[in-house]
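Structure, as structure tokens:
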Amino acid sequence: MNPTPNKSTSSNKRKANDAAPSSGSVVGEHESRPPGIKAMKKLRKTKGKEKASSSASPSAASASPSAASASPSAEFSKMFELKQKDLEGMKELQKLSILDSLIAKKENLDEEDKVVKKKLVAELFLT
């Protein structure tokens, strides 16, 4: 009383001989396979390190030892000047926004608001 196996399920199953070899099972052969997750992470890390070292190396290679010591102060002064220009621009934008809000008011302005408005107009547009 052996039950006979269902032909549809037995034909759907692969036998070990018919199965395609997996990349992990073939050790000796040198097949090219797509890189895995770990390999891609390693590749990204090495590319990032190369970019960092290549961006640092041209300035260090072209600079002499005396210029290298002066370079940080020159960079600092350049950054300081840029920051000062940026702050001046920010102050002017703040003044313009205050003037814009005063001009946009539909109701009558207080004496203080009128003084501020006149001062801002004189400072921004007459100088």
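The chains in the structure tokens are called A, B, ... from first to last as shown; in each chain the residues are counted from 1, and the ligands are counted from 1 in the order shown.
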Long-range neighbours of A:Val116 as a PyMOL selection string, 12 Å cut-off, only C-alpha atoms, 3 positions minimum in chain: chain A and resi 95-96+98-103+109-113+119-124
Between atom CA of A:Leu126 and atom CA of A:Ser97 - distance in Å to one decimal: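 If I compute the distance from atom CA of A:Ser97 to atom CA of A:Leu126, I get 17.3 Å.
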